[in-house]
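Right, one structure below, let's go through it.
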Amino acid sequence: MKKIVALGWGVAAWAVVAVVASLLVFNMGDKNQVLMFLPILAVVVAAWGIGELVTERVFGGQEERV
Amino acid sequence: MALFQRTFDKRELRDPGLVRTVFGSTWLAPLWLLARLYLGYQWLLAGSHKVWGEGRWIAVDGPDGLALKGFWERAIAIPEQGRPPISFDWYRDFLSFMVNHEWYTWFSWVIALGEVTVGLLLIVGAFTGLAALAGAFMNFNFMLAGSASINPVLFVIALLILFGWKTAGWIGVDRWLLPALGTPWQPGRAVSRLGGIAPGERGDELVPERGTAQA
């Protein structure tokens, strides 16, 4: 159950990133690329934080990718 | 025979430390994040114009992809003076074939949805290497069709992300997705559990962690 909740938080966090990025780009177009870039960066950092604090704590331990 | 043996004897040529650091160190993941977000944003923006708004390519009244047809027709045209947009005859023949067979009606969906998908995958950092490869392939085709624009810049960034596929998505979904799925030569935890094999069982070589002694 703990793993499902942690996975759910992780998936939801990154789904929010995709939705926010889509809404911003689709609604604002290329009016101000810097203003658009910052909120996308902010939600990515927030999602990464949730991943570190919730998902990584439960799943943890990464192998090297070779 | 000895000459061939000496030349092609199986040896591993290691990259210099700087290259390994740039393309494989998680310490530089924030740098890759910025490159990934910029590239993803550009693809999402390009795709948004094609799936949304007045000038969209798909789901329009009448046949889809008329804008793509116009782009292809301009690309394959040979002007009376000057150089044609396409330098390679085989590529012009390929585009002509697609125009003549009205492939633009479904190909416009592939391009429009492909651009949005590549953009979103890069932004969330899922399958980052594959997304960068798909983006680079689209840039390559646009450039072959004679459209420079920002394609050369995006192409170079995509190639760099492709080289740094292991860490480009570290601040992203790949942080958890790649270890779970693994690679074709080294199944991850989730795939191993499904296939009944131990993680790394099929791996040709496992790189030991830094600081541990090599056998």
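The way I read the labels, and the way they are meant: chains A, B, ... in the order of the structure tokens, residue 1 as the first residue of every chain, and ligand 1 as the first ligand shown, with later ones counted on from there.
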Exercise answer, chain A residues close to chain B, 10 Å and only C-alpha atoms, as a ChimeraX atom specification
/A:7,10-11,13-19,21-22,24-30,33,36-37,40-41,43-45,47-49,51-52,55-56,59-66
I'd like to know which residues of chain A are alpha helix (DSSP H) (by DSSP, run on the backbone); could you write them as a ChimeraX atom specification?
/A:2-28,33-50,56-59
Create the file for the chosen residues now, containing N, CA and C atoms and written as a CSV table (one decimal), in the first residue's frame.
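To be explicit, this is the file written out as part-v1.csv:
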```csv
chain,number,residue,atom,x,y,z
A,2,LYS,N,2.0,1.2,0.8
A,2,LYS,CA,2.9,2.3,0.9
A,2,LYS,C,3.5,2.6,-0.4
A,3,LYS,N,3.9,1.5,-1.1
A,3,LYS,CA,4.5,1.7,-2.4
A,3,LYS,C,3.5,2.3,-3.5
A,4,ILE,N,2.3,1.8,-3.4
A,4,ILE,CA,1.3,2.3,-4.4
A,4,ILE,C,1.0,3.8,-4.2
A,5,VAL,N,0.9,4.2,-2.9
A,5,VAL,CA,0.7,5.7,-2.6
A,5,VAL,C,1.9,6.5,-3.1
A,6,ALA,N,3.2,6.0,-2.8
A,6,ALA,CA,4.4,6.7,-3.2
A,6,ALA,C,4.4,6.8,-4.7
A,7,LEU,N,4.1,5.7,-5.4
A,7,LEU,CA,4.1,5.7,-6.9
A,7,LEU,C,3.0,6.7,-7.4
A,8,GLY,N,1.8,6.7,-6.7
A,8,GLY,CA,0.8,7.6,-7.1
A,8,GLY,C,1.2,9.0,-7.0
A,9,TRP,N,1.9,9.4,-5.9
A,9,TRP,CA,2.4,10.8,-5.8
A,9,TRP,C,3.4,11.1,-6.9
A,10,GLY,N,4.2,10.2,-7.2
A,10,GLY,CA,5.2,10.5,-8.2
A,10,GLY,C,4.6,10.7,-9.6
A,11,VAL,N,3.6,9.8,-9.9
A,11,VAL,CA,3.0,9.8,-11.2
A,11,VAL,C,2.2,11.1,-11.3
A,12,ALA,N,1.4,11.4,-10.2
A,12,ALA,CA,0.6,12.7,-10.2
A,12,ALA,C,1.5,13.9,-10.4
A,13,ALA,N,2.6,13.9,-9.7
A,13,ALA,CA,3.5,15.1,-9.7
A,13,ALA,C,3.9,15.4,-11.2
A,14,TRP,N,4.3,14.3,-11.9
A,14,TRP,CA,4.9,14.5,-13.2
A,14,TRP,C,3.7,14.7,-14.2
A,15,ALA,N,2.5,14.2,-13.9
A,15,ALA,CA,1.4,14.5,-14.7
A,15,ALA,C,1.0,15.9,-14.7
A,16,VAL,N,1.1,16.5,-13.5
A,16,VAL,CA,0.8,17.9,-13.3
A,16,VAL,C,1.8,18.8,-14.1
A,17,VAL,N,3.1,18.3,-14.2
A,17,VAL,CA,4.1,19.0,-15.0
A,17,VAL,C,3.7,19.1,-16.4
A,18,ALA,N,3.2,17.9,-16.9
A,18,ALA,CA,2.8,17.8,-18.3
A,18,ALA,C,1.6,18.7,-18.6
A,19,VAL,N,0.6,18.7,-17.7
A,19,VAL,CA,-0.6,19.5,-17.9
A,19,VAL,C,-0.3,21.0,-17.8
A,20,VAL,N,0.5,21.4,-16.8
A,20,VAL,CA,0.9,22.8,-16.7
A,20,VAL,C,1.6,23.3,-17.9
A,21,ALA,N,2.6,22.5,-18.4
A,21,ALA,CA,3.4,22.9,-19.5
A,21,ALA,C,2.5,23.0,-20.8
A,22,SER,N,1.6,22.1,-20.9
A,22,SER,CA,0.7,22.1,-22.1
A,22,SER,C,-0.2,23.3,-22.0
A,23,LEU,N,-0.8,23.6,-20.9
A,23,LEU,CA,-1.7,24.7,-20.7
A,23,LEU,C,-1.0,26.0,-21.0
A,24,LEU,N,0.2,26.2,-20.5
A,24,LEU,CA,1.0,27.4,-20.7
A,24,LEU,C,1.3,27.6,-22.1
A,25,VAL,N,1.8,26.6,-22.8
A,25,VAL,CA,2.3,26.7,-24.2
A,25,VAL,C,1.1,26.9,-25.1
A,26,PHE,N,0.0,26.1,-24.9
A,26,PHE,CA,-1.1,26.2,-25.8
A,26,PHE,C,-1.9,27.5,-25.6
A,27,ASN,N,-1.9,28.1,-24.5
A,27,ASN,CA,-2.6,29.3,-24.3
A,27,ASN,C,-1.8,30.6,-24.5
A,28,MET,N,-0.5,30.5,-24.2
A,28,MET,CA,0.3,31.7,-24.4
A,28,MET,C,1.1,31.8,-25.6
A,33,GLN,N,8.9,33.9,-24.0
A,33,GLN,CA,9.5,32.6,-23.8
A,33,GLN,C,10.1,32.5,-22.4
A,34,VAL,N,10.7,33.6,-21.9
A,34,VAL,CA,11.3,33.5,-20.6
A,34,VAL,C,10.2,33.3,-19.5
A,35,LEU,N,9.1,34.1,-19.6
A,35,LEU,CA,8.1,34.0,-18.6
A,35,LEU,C,7.4,32.7,-18.6
A,36,MET,N,7.4,32.0,-19.8
A,36,MET,CA,6.8,30.7,-19.9
A,36,MET,C,7.8,29.6,-19.4
A,37,PHE,N,9.1,29.8,-19.5
A,37,PHE,CA,10.1,28.9,-19.2
A,37,PHE,C,10.1,28.7,-17.6
A,38,LEU,N,10.0,29.9,-16.9
A,38,LEU,CA,10.2,29.8,-15.5
A,38,LEU,C,9.1,29.0,-14.7
A,39,PRO,N,7.8,29.2,-15.1
A,39,PRO,CA,6.8,28.3,-14.4
A,39,PRO,C,7.0,26.8,-14.7
A,40,ILE,N,7.4,26.5,-15.9
A,40,ILE,CA,7.6,25.1,-16.3
A,40,ILE,C,8.8,24.6,-15.5
A,41,LEU,N,9.9,25.4,-15.3
A,41,LEU,CA,11.0,25.0,-14.5
A,41,LEU,C,10.6,24.8,-13.1
A,42,ALA,N,9.7,25.7,-12.6
A,42,ALA,CA,9.3,25.6,-11.2
A,42,ALA,C,8.5,24.3,-10.9
A,43,VAL,N,7.6,24.0,-11.8
A,43,VAL,CA,6.8,22.7,-11.6
A,43,VAL,C,7.6,21.5,-11.7
A,44,VAL,N,8.6,21.5,-12.6
A,44,VAL,CA,9.6,20.4,-12.7
A,44,VAL,C,10.4,20.2,-11.4
A,45,VAL,N,10.8,21.3,-10.9
A,45,VAL,CA,11.6,21.3,-9.6
A,45,VAL,C,10.7,20.8,-8.5
A,46,ALA,N,9.4,21.2,-8.5
A,46,ALA,CA,8.5,20.8,-7.4
A,46,ALA,C,8.2,19.3,-7.6
A,47,ALA,N,8.0,18.8,-8.8
A,47,ALA,CA,7.8,17.4,-9.0
A,47,ALA,C,9.0,16.5,-8.6
A,48,TRP,N,10.2,17.1,-8.9
A,48,TRP,CA,11.4,16.4,-8.5
A,48,TRP,C,11.5,16.3,-7.0
A,49,GLY,N,11.1,17.4,-6.3
A,49,GLY,CA,11.1,17.4,-4.9
A,49,GLY,C,10.2,16.4,-4.3
A,50,ILE,N,9.0,16.2,-4.9
A,50,ILE,CA,8.1,15.2,-4.4
A,50,ILE,C,8.7,13.8,-4.6
A,56,GLU,N,11.3,8.4,-3.9
A,56,GLU,CA,12.7,7.8,-3.7
A,56,GLU,C,12.9,7.2,-2.3
A,57,ARG,N,12.2,7.8,-1.3
A,57,ARG,CA,12.3,7.3,0.1
A,57,ARG,C,11.7,5.8,0.2
A,58,VAL,N,10.7,5.6,-0.6
A,58,VAL,CA,10.1,4.3,-0.6
A,58,VAL,C,10.8,3.3,-1.5
A,59,PHE,N,11.0,3.7,-2.7
A,59,PHE,CA,11.6,2.8,-3.7
A,59,PHE,C,13.1,2.7,-3.6
```
Just list the residues in range 7-212 of chain B DSSP gives strand (DSSP E or B) on the backbone, as a CSV table (one decimal) with N, CA and C atoms, in the first residue's frame.
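Output file part_5.csv follows:
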```csv
chain,number,residue,atom,x,y,z
B,182,GLY,N,15.0,-0.7,-17.1
B,182,GLY,CA,16.3,-1.2,-17.5
B,182,GLY,C,16.6,-0.9,-19.0
B,183,THR,N,17.5,-1.7,-19.6
B,183,THR,CA,17.8,-1.5,-21.0
B,183,THR,C,17.7,-2.9,-21.6
B,186,GLN,N,20.3,-5.0,-20.2
B,186,GLN,CA,20.3,-5.2,-18.7
B,186,GLN,C,18.9,-4.8,-18.2
B,187,PRO,N,18.0,-5.9,-18.0
B,187,PRO,CA,16.6,-5.6,-17.6
B,187,PRO,C,16.6,-5.0,-16.2
```
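Taking CA of Gly55 in chain B and CA of Leu39 in chain B as the two end points, the separation is 22.6 Å.
You will find CA of Ala134 in chain B at 7.1 Å from CA of Val118 in chain B.
Residues with any atom within 12 Å of Ala59 in chain B, counting only C-alpha atoms and excluding same-chain neighbours fewer than 6 positions away, are Lys50, Val51, Trp52, Gly53, Gly65, Leu66, Thr105, Trp106, Ser108, Trp109, Ala112 and Leu113 of chain B.
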Long-range neighbours of range 75-80 of chain B as number ranges by chain, 8 Å cut-off, only C-alpha atoms, 2 positions minimum in chain:
B: 71-73, 82-86, 92, 95-96, 145-146
